>>> print(open('structure.cif').read())   # mmCIF, C-alpha atoms and all ligand atoms
data_protein
#
loop_
_atom_site.label_atom_id
_atom_site.label_comp_id
_atom_site.auth_asym_id
_atom_site.auth_seq_id
_atom_site.Cartn_x
_atom_site.Cartn_y
_atom_site.Cartn_z
CA MET A 1 -14.18 -28.27 -27.45
CA ILE A 2 -16.57 -31.09 -26.60
CA ARG A 3 -20.02 -31.13 -28.18
CA GLN A 4 -21.91 -29.97 -25.05
CA GLN A 5 -19.64 -26.94 -24.72
CA GLN A 6 -20.14 -26.09 -28.38
CA ILE A 7 -23.94 -26.16 -27.97
CA ALA A 8 -23.71 -24.10 -24.78
CA LEU A 9 -21.57 -21.49 -26.55
CA LEU A 10 -24.00 -21.28 -29.48
CA LYS A 11 -26.89 -20.84 -27.01
CA ARG A 12 -25.09 -18.01 -25.23
CA LEU A 13 -24.56 -16.30 -28.58
CA LEU A 14 -28.23 -16.76 -29.58
CA LEU A 15 -29.30 -15.17 -26.28
CA HIS A 16 -26.94 -12.24 -26.87
CA VAL A 17 -28.22 -11.75 -30.42
CA ASP A 18 -31.87 -11.80 -29.26
CA ALA A 19 -31.27 -9.46 -26.34
CA LYS A 20 -28.79 -7.25 -28.24
CA THR A 21 -26.21 -7.86 -25.49
CA THR A 22 -22.61 -9.02 -25.39
CA HIS A 23 -20.19 -10.51 -22.84
CA LEU A 24 -19.17 -7.72 -20.47
CA ALA A 25 -16.01 -7.24 -18.45
CA GLU A 26 -16.54 -6.24 -14.81
CA ALA A 27 -15.41 -2.70 -15.47
CA PRO A 28 -13.81 -0.60 -18.21
CA TRP A 29 -10.02 -0.41 -18.03
CA ARG A 30 -7.53 2.30 -18.78
CA ASN A 31 -4.21 1.41 -20.32
CA ASP A 32 -1.20 3.72 -20.26
CA ILE A 33 -0.31 4.70 -23.80
CA SER A 34 3.32 4.24 -22.82
CA VAL A 35 2.85 0.50 -23.41
CA TYR A 36 2.59 1.42 -27.10
CA THR A 37 5.14 4.22 -27.25
CA ASP A 38 7.83 3.88 -24.57
CA PRO A 39 11.14 2.51 -25.94
CA ALA A 40 12.06 1.01 -22.54
CA HIS A 41 8.76 -0.90 -22.40
CA TYR A 42 9.31 -2.00 -25.98
CA ALA A 43 12.81 -3.29 -25.18
CA ARG A 44 11.40 -5.24 -22.26
CA GLU A 45 8.71 -6.77 -24.50
CA ARG A 46 11.30 -7.89 -27.02
CA ALA A 47 13.60 -9.33 -24.36
CA ILE A 48 10.89 -11.19 -22.44
CA LEU A 49 7.95 -11.88 -24.76
CA PHE A 50 9.95 -12.51 -27.93
CA ARG A 51 12.95 -14.30 -26.38
CA GLN A 52 11.74 -16.16 -23.33
CA HIS A 53 8.13 -16.94 -24.23
CA PRO A 54 7.06 -19.74 -26.60
CA LEU A 55 6.05 -18.37 -30.01
CA LEU A 56 3.71 -20.30 -32.29
CA MET A 57 5.56 -21.00 -35.55
CA GLY A 58 2.85 -22.79 -37.55
CA PHE A 59 0.95 -26.03 -38.05
CA ALA A 60 3.05 -29.19 -37.64
CA SER A 61 1.88 -30.33 -41.09
CA GLU A 62 4.16 -27.67 -42.62
CA TRP A 63 7.03 -30.02 -41.71
CA ALA A 64 5.39 -33.13 -43.11
CA GLY A 65 8.27 -35.62 -43.26
CA PRO A 66 12.02 -36.08 -42.76
CA GLY A 67 13.91 -33.26 -44.46
CA ALA A 68 11.01 -30.78 -44.48
CA PHE A 69 12.30 -27.39 -43.30
CA ARG A 70 11.22 -23.77 -43.00
CA THR A 71 13.16 -20.68 -42.00
CA ASP A 72 11.60 -17.80 -40.11
CA ASP A 73 13.21 -14.45 -39.18
CA SER A 74 10.07 -12.78 -37.84
CA ALA A 75 10.96 -12.98 -34.16
CA GLY A 76 14.13 -10.97 -34.77
CA VAL A 77 16.53 -13.91 -34.78
CA PRO A 78 16.97 -16.23 -37.78
CA ILE A 79 15.27 -19.56 -37.00
CA LEU A 80 15.49 -22.83 -38.92
CA ILE A 81 12.99 -25.59 -38.16
CA ALA A 82 13.60 -29.00 -39.70
CA ARG A 83 12.28 -32.52 -39.28
CA GLY A 84 15.01 -35.10 -38.81
CA ARG A 85 15.33 -38.62 -40.17
CA ASP A 86 14.10 -39.76 -36.75
CA GLN A 87 10.85 -37.71 -37.33
CA LYS A 88 11.82 -35.35 -34.52
CA LEU A 89 11.20 -31.68 -35.27
CA ARG A 90 14.06 -29.42 -34.19
CA ALA A 91 14.64 -25.67 -34.18
CA PHE A 92 18.02 -24.00 -34.57
CA LEU A 93 19.45 -20.56 -34.88
CA ASN A 94 19.99 -20.35 -38.63
CA VAL A 95 23.53 -19.12 -38.05
CA CYS A 96 26.55 -20.88 -39.55
CA ARG A 97 29.12 -21.98 -36.96
CA HIS A 98 31.90 -20.70 -39.23
CA ARG A 99 31.30 -16.97 -39.57
CA GLY A 100 27.61 -16.71 -38.94
CA ALA A 101 26.04 -16.52 -42.40
CA LYS A 102 22.50 -17.79 -42.80
CA VAL A 103 22.79 -21.49 -43.53
CA VAL A 104 19.59 -21.80 -45.55
CA GLU A 105 16.78 -19.56 -46.84
CA GLY A 106 13.06 -20.14 -47.45
CA CYS A 107 11.46 -23.55 -47.08
CA GLY A 108 11.40 -26.93 -48.78
CA LYS A 109 12.91 -30.40 -48.45
CA ALA A 110 16.59 -31.07 -47.81
CA ARG A 111 18.93 -33.95 -47.00
CA VAL A 112 21.66 -31.68 -45.68
CA PHE A 113 22.04 -27.94 -45.32
CA SER A 114 25.03 -26.36 -47.04
CA CYS A 115 26.00 -22.82 -46.07
CA PRO A 116 26.24 -20.78 -49.30
CA TYR A 117 29.33 -18.90 -48.09
CA HIS A 118 32.08 -21.55 -47.66
CA ALA A 119 29.96 -24.70 -47.88
CA TRP A 120 30.12 -25.98 -44.33
CA THR A 121 27.37 -28.62 -44.27
CA TYR A 122 24.95 -29.67 -41.53
CA ASP A 123 22.67 -32.67 -41.21
CA LEU A 124 18.96 -32.45 -40.34
CA ALA A 125 19.81 -32.69 -36.63
CA GLY A 126 22.03 -29.61 -36.98
CA ARG A 127 25.34 -31.46 -36.67
CA VAL A 128 28.36 -30.20 -38.63
CA MET A 129 29.03 -32.73 -41.40
CA GLY A 130 31.55 -31.31 -43.87
CA ILE A 131 34.14 -28.52 -43.55
CA PRO A 132 36.04 -27.72 -46.76
CA ASP A 133 39.83 -27.68 -46.12
CA GLU A 134 39.26 -28.73 -42.52
CA ARG A 135 43.05 -28.74 -41.89
CA ALA A 136 42.70 -24.97 -41.46
CA PHE A 137 40.28 -25.39 -38.53
CA PRO A 138 42.00 -27.68 -36.01
CA GLY A 139 39.69 -28.64 -33.13
CA VAL A 140 36.72 -26.73 -34.45
CA ARG A 141 34.38 -29.74 -34.51
CA ASN A 142 34.83 -30.32 -30.79
CA GLU A 143 34.33 -26.70 -30.01
CA ARG A 144 31.29 -26.07 -32.23
CA GLY A 145 29.96 -29.32 -33.55
CA SER A 146 26.39 -28.27 -34.35
CA LEU A 147 24.01 -25.39 -34.91
CA ALA A 148 22.70 -23.73 -31.74
CA GLU A 149 19.45 -25.49 -30.86
CA LEU A 150 16.29 -23.77 -29.61
CA PRO A 151 13.65 -25.39 -27.36
CA LEU A 152 10.72 -26.62 -29.48
CA CYS A 153 7.38 -28.18 -28.64
CA GLU A 154 5.22 -30.01 -31.20
CA LYS A 155 1.80 -30.64 -29.68
CA HIS A 156 -1.90 -30.36 -30.60
CA GLY A 157 -0.83 -30.30 -34.27
CA LEU A 158 1.02 -27.00 -33.69
CA VAL A 159 4.67 -26.00 -33.25
CA TRP A 160 6.10 -23.57 -30.69
CA VAL A 161 9.68 -22.37 -30.27
CA ILE A 162 11.38 -20.37 -27.50
CA PRO A 163 13.86 -18.22 -29.45
CA THR A 164 16.76 -18.41 -27.01
CA ALA A 165 19.43 -21.07 -27.42
CA SER A 166 20.10 -23.27 -24.43
CA ARG A 167 22.32 -26.26 -23.71
CA ASP A 168 19.37 -28.54 -22.92
CA ALA A 169 17.22 -27.29 -25.84
CA SER A 170 17.06 -30.77 -27.37
CA ALA A 171 14.88 -31.86 -24.44
CA GLY A 172 12.18 -29.43 -25.67
CA PHE A 173 9.45 -28.16 -23.34
CA ASP A 174 5.75 -28.67 -22.69
CA ILE A 175 3.45 -25.96 -24.04
CA ASP A 176 0.44 -26.94 -21.92
CA PRO A 177 1.37 -24.99 -18.78
CA TRP A 178 1.60 -21.88 -21.02
CA LEU A 179 -1.84 -22.49 -22.56
CA GLY A 180 -3.87 -22.14 -19.34
CA GLY A 181 -6.11 -25.13 -20.08
CA LEU A 182 -6.66 -24.40 -23.76
CA GLY A 183 -4.62 -27.43 -24.91
CA PRO A 184 -7.45 -30.03 -25.14
CA GLU A 185 -9.68 -27.57 -27.03
CA LEU A 186 -6.93 -26.91 -29.59
CA ALA A 187 -6.23 -30.65 -29.85
CA HIS A 188 -9.89 -31.22 -30.72
CA TYR A 189 -9.47 -29.49 -34.11
CA ASP A 190 -6.94 -32.15 -35.20
CA PHE A 191 -4.74 -29.49 -36.84
CA ALA A 192 -2.08 -32.17 -37.50
CA SER A 193 -4.20 -33.32 -40.45
CA TRP A 194 -4.73 -29.81 -41.94
CA SER A 195 -2.77 -28.39 -44.88
CA PHE A 196 -0.88 -25.14 -45.24
CA TYR A 197 -2.28 -23.11 -48.15
CA ASP A 198 -0.77 -19.62 -48.35
CA ARG A 199 1.23 -17.04 -46.40
CA ARG A 200 1.70 -13.27 -46.66
CA VAL A 201 3.95 -10.97 -44.69
CA ILE A 202 2.59 -7.45 -44.25
CA PRO A 203 4.74 -4.60 -42.89
CA GLU A 204 2.96 -1.87 -40.91
CA SER A 205 3.89 1.49 -39.44
CA MET A 206 2.37 1.22 -35.99
CA ASN A 207 3.10 -0.44 -32.67
CA TRP A 208 2.83 -4.24 -32.98
CA LYS A 209 0.09 -4.44 -30.32
CA LEU A 210 -2.18 -2.16 -32.33
CA LEU A 211 -2.20 -4.88 -34.99
CA VAL A 212 -3.06 -7.45 -32.31
CA ASP A 213 -5.79 -5.20 -30.87
CA THR A 214 -7.58 -5.28 -34.24
CA PHE A 215 -8.59 -8.86 -33.54
CA HIS A 216 -9.70 -8.36 -29.94
CA GLU A 217 -13.17 -6.84 -30.20
CA GLY A 218 -16.28 -6.99 -32.37
CA TYR A 219 -17.46 -3.52 -31.30
CA HIS A 220 -16.12 -1.96 -34.54
CA ILE A 221 -17.65 -4.42 -37.00
CA GLY A 222 -20.87 -2.48 -37.62
CA PHE A 223 -18.92 0.75 -38.21
CA LEU A 224 -15.43 0.28 -39.63
CA HIS A 225 -16.54 -2.84 -41.52
CA LYS A 226 -19.98 -1.51 -42.54
CA GLN A 227 -19.32 -2.33 -46.20
CA SER A 228 -17.57 -5.66 -45.63
CA LEU A 229 -17.87 -7.88 -42.56
CA SER A 230 -21.08 -6.44 -41.14
CA GLY A 231 -23.00 -8.46 -43.73
CA ILE A 232 -21.43 -11.63 -42.33
CA LEU A 233 -20.91 -11.03 -38.59
CA TYR A 234 -22.97 -9.37 -35.87
CA GLY A 235 -21.30 -6.26 -34.54
CA ASN A 236 -20.75 -5.80 -30.79
CA VAL A 237 -21.86 -9.36 -29.94
CA THR A 238 -19.15 -11.66 -28.60
CA ASP A 239 -18.65 -14.52 -26.21
CA PHE A 240 -15.42 -14.36 -24.20
CA GLU A 241 -13.54 -16.92 -22.13
CA ALA A 242 -10.10 -16.62 -20.56
CA PHE A 243 -7.57 -19.46 -20.42
CA GLY A 244 -4.80 -18.24 -18.15
CA LEU A 245 -3.16 -15.37 -20.00
CA ASN A 246 -4.77 -16.45 -23.30
CA HIS A 247 -8.40 -16.28 -24.39
CA ARG A 248 -11.09 -17.28 -26.84
CA LEU A 249 -13.33 -14.62 -28.41
CA THR A 250 -16.29 -15.89 -30.43
CA MET A 251 -18.35 -13.82 -32.86
CA PRO A 252 -21.67 -15.05 -34.26
CA ARG A 253 -22.23 -15.13 -38.00
CA LYS A 254 -25.50 -13.69 -39.25
CA LYS A 255 -26.68 -17.15 -40.26
CA LEU A 256 -26.65 -18.20 -36.58
CA GLU A 257 -30.33 -17.31 -36.23
CA ARG A 258 -31.24 -20.15 -38.58
CA LEU A 259 -30.21 -22.60 -35.87
CA LYS A 260 -33.35 -21.79 -33.89
CA ALA A 261 -35.36 -23.74 -36.47
CA GLU A 262 -32.97 -26.69 -36.50
CA PRO A 263 -32.49 -29.54 -34.00
CA GLU A 264 -29.59 -29.01 -31.59
CA ASP A 265 -27.75 -32.15 -32.67
CA THR A 266 -27.22 -30.62 -36.12
CA TRP A 267 -25.77 -27.33 -34.81
CA ASP A 268 -22.24 -26.65 -36.05
CA LEU A 269 -20.04 -24.27 -34.06
CA MET A 270 -17.38 -23.60 -36.70
CA TRP A 271 -19.85 -22.97 -39.47
CA ASN A 272 -21.89 -20.43 -37.52
CA THR A 273 -19.16 -18.40 -35.80
CA THR A 274 -15.70 -16.95 -36.02
CA LEU A 275 -13.57 -18.23 -33.15
CA ILE A 276 -10.48 -16.18 -32.34
CA TYR A 277 -7.94 -17.80 -30.06
CA SER A 278 -5.47 -15.26 -28.73
CA LEU A 279 -2.22 -16.82 -27.53
CA ILE A 280 0.00 -14.31 -25.83
CA PRO A 281 2.10 -12.55 -26.77
CA ASN A 282 1.48 -12.24 -30.52
CA THR A 283 -0.68 -14.93 -32.05
CA LEU A 284 -4.28 -15.02 -33.28
CA LEU A 285 -5.57 -18.38 -34.44
CA MET A 286 -8.86 -17.71 -36.19
CA VAL A 287 -11.25 -20.55 -36.97
CA GLN A 288 -13.28 -19.18 -39.87
CA GLY A 289 -16.07 -21.59 -40.82
CA ASP A 290 -14.20 -23.87 -43.20
CA HIS A 291 -10.58 -22.75 -42.75
CA VAL A 292 -8.11 -21.28 -40.26
CA GLU A 293 -6.21 -18.00 -40.47
CA LEU A 294 -3.10 -17.71 -38.35
CA ALA A 295 -1.88 -14.18 -37.73
CA ARG A 296 1.49 -13.81 -35.99
CA ILE A 297 2.49 -10.26 -35.22
CA PHE A 298 6.01 -9.06 -34.46
CA PRO A 299 7.77 -5.83 -33.54
CA THR A 300 10.40 -5.00 -36.10
CA GLU A 301 13.16 -2.54 -37.10
CA ASP A 302 13.82 -1.83 -33.42
CA ARG A 303 11.16 0.90 -33.48
CA THR A 304 8.06 1.11 -31.30
CA ASP A 305 6.00 2.05 -34.38
CA ARG A 306 7.02 -0.67 -36.82
CA ALA A 307 5.57 -4.18 -37.04
CA ILE A 308 4.91 -7.07 -39.37
CA MET A 309 1.99 -9.45 -39.60
CA ASP A 310 2.73 -12.95 -40.88
CA LEU A 311 -0.66 -14.22 -42.05
CA ALA A 312 -1.08 -17.88 -43.04
CA LEU A 313 -4.13 -19.75 -44.26
CA TYR A 314 -4.67 -23.43 -43.45
CA VAL A 315 -7.34 -25.70 -44.93
CA PRO A 316 -8.74 -29.06 -43.81
CA LYS A 317 -7.58 -30.82 -46.98
CA ALA A 318 -5.07 -29.79 -49.67
CA PRO A 319 -7.04 -28.52 -52.70
CA SER A 320 -7.08 -30.80 -55.71
CA THR A 321 -9.16 -28.74 -58.17
CA GLU A 322 -8.98 -25.22 -59.56
CA THR A 323 -12.40 -24.47 -58.04
CA GLU A 324 -11.11 -25.36 -54.58
CA ARG A 325 -8.02 -23.22 -55.07
CA GLN A 326 -10.16 -20.28 -56.19
CA HIS A 327 -12.30 -20.68 -53.08
CA TRP A 328 -9.28 -20.48 -50.75
CA ASP A 329 -7.72 -17.63 -52.77
CA LYS A 330 -10.95 -15.70 -52.36
CA ASN A 331 -10.87 -16.25 -48.60
CA MET A 332 -7.26 -15.06 -48.39
CA GLN A 333 -8.13 -11.98 -50.42
CA LEU A 334 -11.13 -11.20 -48.20
CA VAL A 335 -9.09 -11.20 -45.00
CA LEU A 336 -6.32 -9.16 -46.65
CA ASP A 337 -8.84 -6.61 -47.98
CA VAL A 338 -10.54 -6.21 -44.62
CA VAL A 339 -7.45 -6.18 -42.43
CA THR A 340 -5.08 -4.16 -44.60
CA GLY A 341 -7.79 -2.03 -46.24
CA GLU A 342 -9.90 -1.20 -43.17
CA ASP A 343 -8.39 -2.29 -39.81
CA PHE A 344 -4.77 -1.27 -40.28
CA PRO A 345 -5.45 2.19 -41.74
CA ALA A 346 -7.55 2.87 -38.60
CA GLY A 347 -4.68 1.52 -36.47
CA ARG A 348 -2.25 3.92 -38.14
CA THR A 349 -4.45 6.84 -37.10
CA ILE A 350 -4.36 5.52 -33.52
CA GLN A 351 -0.56 5.51 -33.73
CA MET A 352 -0.65 9.18 -34.72
CA GLY A 353 -3.05 9.83 -31.86
CA LEU A 354 -0.77 8.12 -29.34
CA ASN A 355 2.10 10.32 -30.38
CA SER A 356 0.03 13.51 -30.24
CA GLY A 357 0.01 13.95 -26.47
CA ALA A 358 -3.80 14.19 -26.48
CA GLN A 359 -4.14 11.70 -23.65
CA THR A 360 -2.10 9.60 -21.24
CA HIS A 361 -4.47 6.62 -21.33
CA THR A 362 -6.62 4.75 -23.76
CA VAL A 363 -9.89 3.22 -22.53
CA TYR A 364 -11.28 -0.24 -23.20
CA GLY A 365 -15.02 -0.62 -22.59
CA ARG A 366 -16.86 -3.36 -20.70
CA ASN A 367 -17.89 -4.67 -24.14
CA GLU A 368 -14.18 -5.18 -25.00
CA PRO A 369 -13.26 -7.88 -22.45
CA ALA A 370 -10.66 -9.48 -24.71
CA LEU A 371 -8.71 -6.22 -25.02
CA ILE A 372 -8.74 -5.81 -21.25
CA HIS A 373 -7.69 -9.39 -20.62
CA TYR A 374 -4.95 -9.30 -23.26
CA HIS A 375 -3.33 -6.12 -22.02
CA GLN A 376 -3.58 -7.09 -18.35
CA SER A 377 -2.06 -10.47 -19.23
CA MET A 378 0.78 -8.80 -21.10
CA LEU A 379 1.65 -6.71 -18.06
CA LYS A 380 1.63 -9.87 -15.92
CA ALA A 381 3.85 -11.69 -18.43
CA LEU A 382 6.23 -8.73 -18.38
CA GLY A 383 6.16 -8.50 -14.61
CA VAL A 384 4.89 -4.92 -14.81
CA GLY A 385 2.01 -3.77 -12.60
CA SER A 386 -0.21 -1.10 -14.11
CA THR A 387 0.48 1.09 -11.06
CA ALA A 388 4.24 0.73 -11.54
CA LEU A 389 3.77 1.56 -15.19
CA ARG A 390 1.83 4.70 -14.38
CA GLN A 391 4.48 5.81 -11.87
CA ALA A 392 7.22 5.17 -14.39
CA ALA A 393 5.36 7.27 -16.95
CA GLU A 394 4.91 10.19 -14.55
S1 LIG B 401 29.91 -18.60 -43.00
FE1 LIG B 401 29.02 -20.52 -43.38
S2 LIG B 401 30.60 -21.64 -44.31
FE2 LIG B 401 31.52 -19.76 -43.90
FE FE B 402 -11.65 -5.48 -37.85
#
>>> encode(input="structure.cif", output="structure tokens")
Amino acid sequence: MIRQQQIALLKRLLLHVDAKTTHLAEAPWRNDISVYTDPAHYARERAILFRQHPLLMGFASEWAGPGAFRTDDSAGVPILIARGRDQKLRAFLNVCRHRGAKVVEGCGKARVFSCPYHAWTYDLAGRVMGIPDERAFPGVRNERGSLAELPLCEKHGLVWVIPTASRDASAGFDIDPWLGGLGPELAHYDFASWSFYDRRVIPESMNWKLLVDTFHEGYHIGFLHKQSLSGILYGNVTDFEAFGLNHRLTMPRKKLERLKAEPEDTWDLMWNTTLIYSLIPNTLLMVQGDHVELARIFPTEDRTDRAIMDLALYVPKAPSTETERQHWDKNMQLVLDVVTGEDFPAGRTIQMGLNSGAQTHTVYGRNEPALIHYHQSMLKALGVGSTALRQAAE
């Protein structure tokens, strides 16, 4: 975001804080609860949003040089991302071309990948290198000479993958048309120079979108987070801006008011706010003062009420002292405490409520524009009109 836009955003937030107002949607919106509970809707989400849509996999700096690799099963298919000798980052289905075992686990640096089962080996570009006792597999190299490649885009310091193999996957794709104009703003953070710090995977027993919803409004901060975040952030005060099907939600920190006494050219957007970028379908990139939290949320176990959150913390510079490490550990612990100790338990009660038959719709208020935009965008991405959804539910 350019400097003038940052100042304008801070001014909008200061006005909201003074007037005790917040960005308002045109009208409240009612969402069918079937989007959270209906198995057919869920199957459609998995087929379209988690197979045909780009998913953010992490910061490009996680694959820092030739041989750097990371595996990721969150989307429901095993994915291997590796940087080649030619510096090109590639994604593959992590499925051995012999009998389909996982070729490699975890993350690290490699020169070749060797399947643990019968030791077929692959180079960093996914090509089959060695086949023990190859006489027994006549013609197999011509038929299946490399791992199945997935389309990947490395841009703005971030990495996206579309988790469906295709013949022309090596050509990649451009993420910008999917970002609805958000690309330059993301590029401005220079994420390529940031460092990965820590990652946790948290399983939850509720629909995956209830986890996402947690991050889409500040209305609850003064209540659910009375003992935690409400000392840091204003409740029910947000700035909202849509970028195609994605959006940015900005919450002012309590220290924002100090800016009034300081000259505008010293105002710092990151330091005085929490910026939450929501990239459909499942990603929240949260700029938190001095670090970034990346939450990626996935349906799992083939059940409408099971999900995982993959939460990663990135820092501007790799820590070099124990004090720095303690600082980042404390930040990771804070977000885990708040999200898993306060937000998700509330979400689980919503899941029970959805299943109870108490109501056919949930309601998002005018002060929850990000929730409205997210869920309307999801229906668009799925090609489902809300009217069609209601008829289907009746
Ligand atoms: S399954 Fe990988 S070498 Fe046999
Ligand atoms: Fe929350």
>>> residues_near_point(input="structure.cif", point="(9.2, -22.7, -24.5)", cutoff="6 Å", atoms="only C-alpha atoms", output="MDAnalysis selection string")
chainID A and resid 53:54 151 161:162 173
>>> atom_distance(input="structure.cif", atom1="atom CA of Thr250 of chain A", atom2="atom CA of His23 of chain A")
10.1 Å
>>> residues_around(input="structure.cif", residues="Trp267 of chain A", least_positions_apart="2", cutoff="10 Å", atoms="all atoms listed in the file", output="ChimeraX atom specification")
/A:3,6-7,10,256,258-260,262-265,269-272
>>> residues_near_ligand(input="structure.cif", ligand="ligand LIG 401 (chain B)", cutoff="12 Å", atoms="only C-alpha atoms and all ligand atoms", output="PyMOL selection string")
chain A and resi 94-104+113-122+128-134+137+147
>>> residues_near_ligand(input="structure.cif", ligand="ligand FE 402 (chain B)", cutoff="10 Å", atoms="all atoms listed in the file", output="VMD selection string")
chain A and resid 211 213 to 225 228 to 229 335 338 to 344 346 to 347
>>> atom_distance(input="structure.cif", atom1="atom CA of Ala169 of chain A", atom2="atom CA of Phe92 of chain A")
9.4 Å
>>> closest_atom_pairs(input="structure.cif", of="segment 188-298 of chain A", to="segment 14-20 of chain A", cutoff="9 Å", atoms="only C-alpha atoms", output="CSV")
residue,atom,partner,partner_atom,distance
A:Tyr234,CA,A:Val17,CA,7.9
A:Asn236,CA,A:Lys20,CA,8.6
A:Val237,CA,A:His16,CA,6.6
A:Thr238,CA,A:His16,CA,8.0
A:Asp239,CA,A:His16,CA,8.6
A:Pro252,CA,A:Leu14,CA,8.2
A:Leu256,CA,A:Leu14,CA,7.3
A:Glu257,CA,A:Leu14,CA,7.0
A:Leu259,CA,A:Leu14,CA,8.8
A:Lys260,CA,A:Leu14,CA,8.4
>>> atom_distance(input="structure.cif", atom1="atom CA of Ile33 of chain A", atom2="atom CA of Leu371 of chain A")
13.8 Å
>>> closest_residue(input="structure.cif", among="A:Asn282, A:Asn367, A:Gln52, A:Gln227", to="Ala307 of chain A", atoms="all atoms listed in the file")
A:Asn282
>>> closest_residue(input="structure.cif", among="A:Ala318, A:Val35, A:Val159, A:Leu233", to="Leu13 of chain A", atoms="all atoms listed in the file")
A:Leu233
>>> closest_atom_pairs(input="structure.cif", of="segment 28-80 of chain A", to="segment 107-110 of chain A", cutoff="10 Å", atoms="all atoms listed in the file", output="tab-separated table")
residue	atom	partner	partner_atom	distance
A:Glu62	CA	A:Cys107	CA	9.5
A:Trp63	CA	A:Gly108	CA	8.9
A:Ala64	CA	A:Lys109	CA	9.6
A:Gly65	CA	A:Lys109	CA	8.7
A:Pro66	CA	A:Lys109	CA	8.1
A:Gly67	CA	A:Ala110	CA	4.8
A:Ala68	CA	A:Lys109	CA	4.4
A:Phe69	CA	A:Cys107	CA	5.5
A:Arg70	CA	A:Cys107	CA	4.1
A:Thr71	CA	A:Cys107	CA	6.1
A:Asp72	CA	A:Cys107	CA	9.0
A:Leu80	CA	A:Cys107	CA	9.1
>>> residues_near_point(input="structure.cif", point="(-11.3, -4.4, -20.5)", cutoff="10 Å", atoms="all atoms listed in the file", output="list in words")
Leu24, Ala25, Glu26, Ala27, Pro28, Trp29, Arg30, Asn31, Val363, Tyr364, Gly365, Arg366, Asn367, Glu368, Pro369, Ala370, Leu371, Ile372, His373, Tyr374, His375 and Gln376 of chain A
>>> closest_residue(input="structure.cif", among="A:Pro203, A:Ala171, A:Ile232, A:Thr304", to="Leu334 of chain A", atoms="only C-alpha atoms")
A:Ile232
>>> residues_around(input="structure.cif", residues="Ala47 of chain A", least_positions_apart="2", cutoff="12 Å", atoms="only C-alpha atoms", output="PyMOL selection string")
chain A and resi 40-45+49-53+75-77+162-164+299+302+381-382
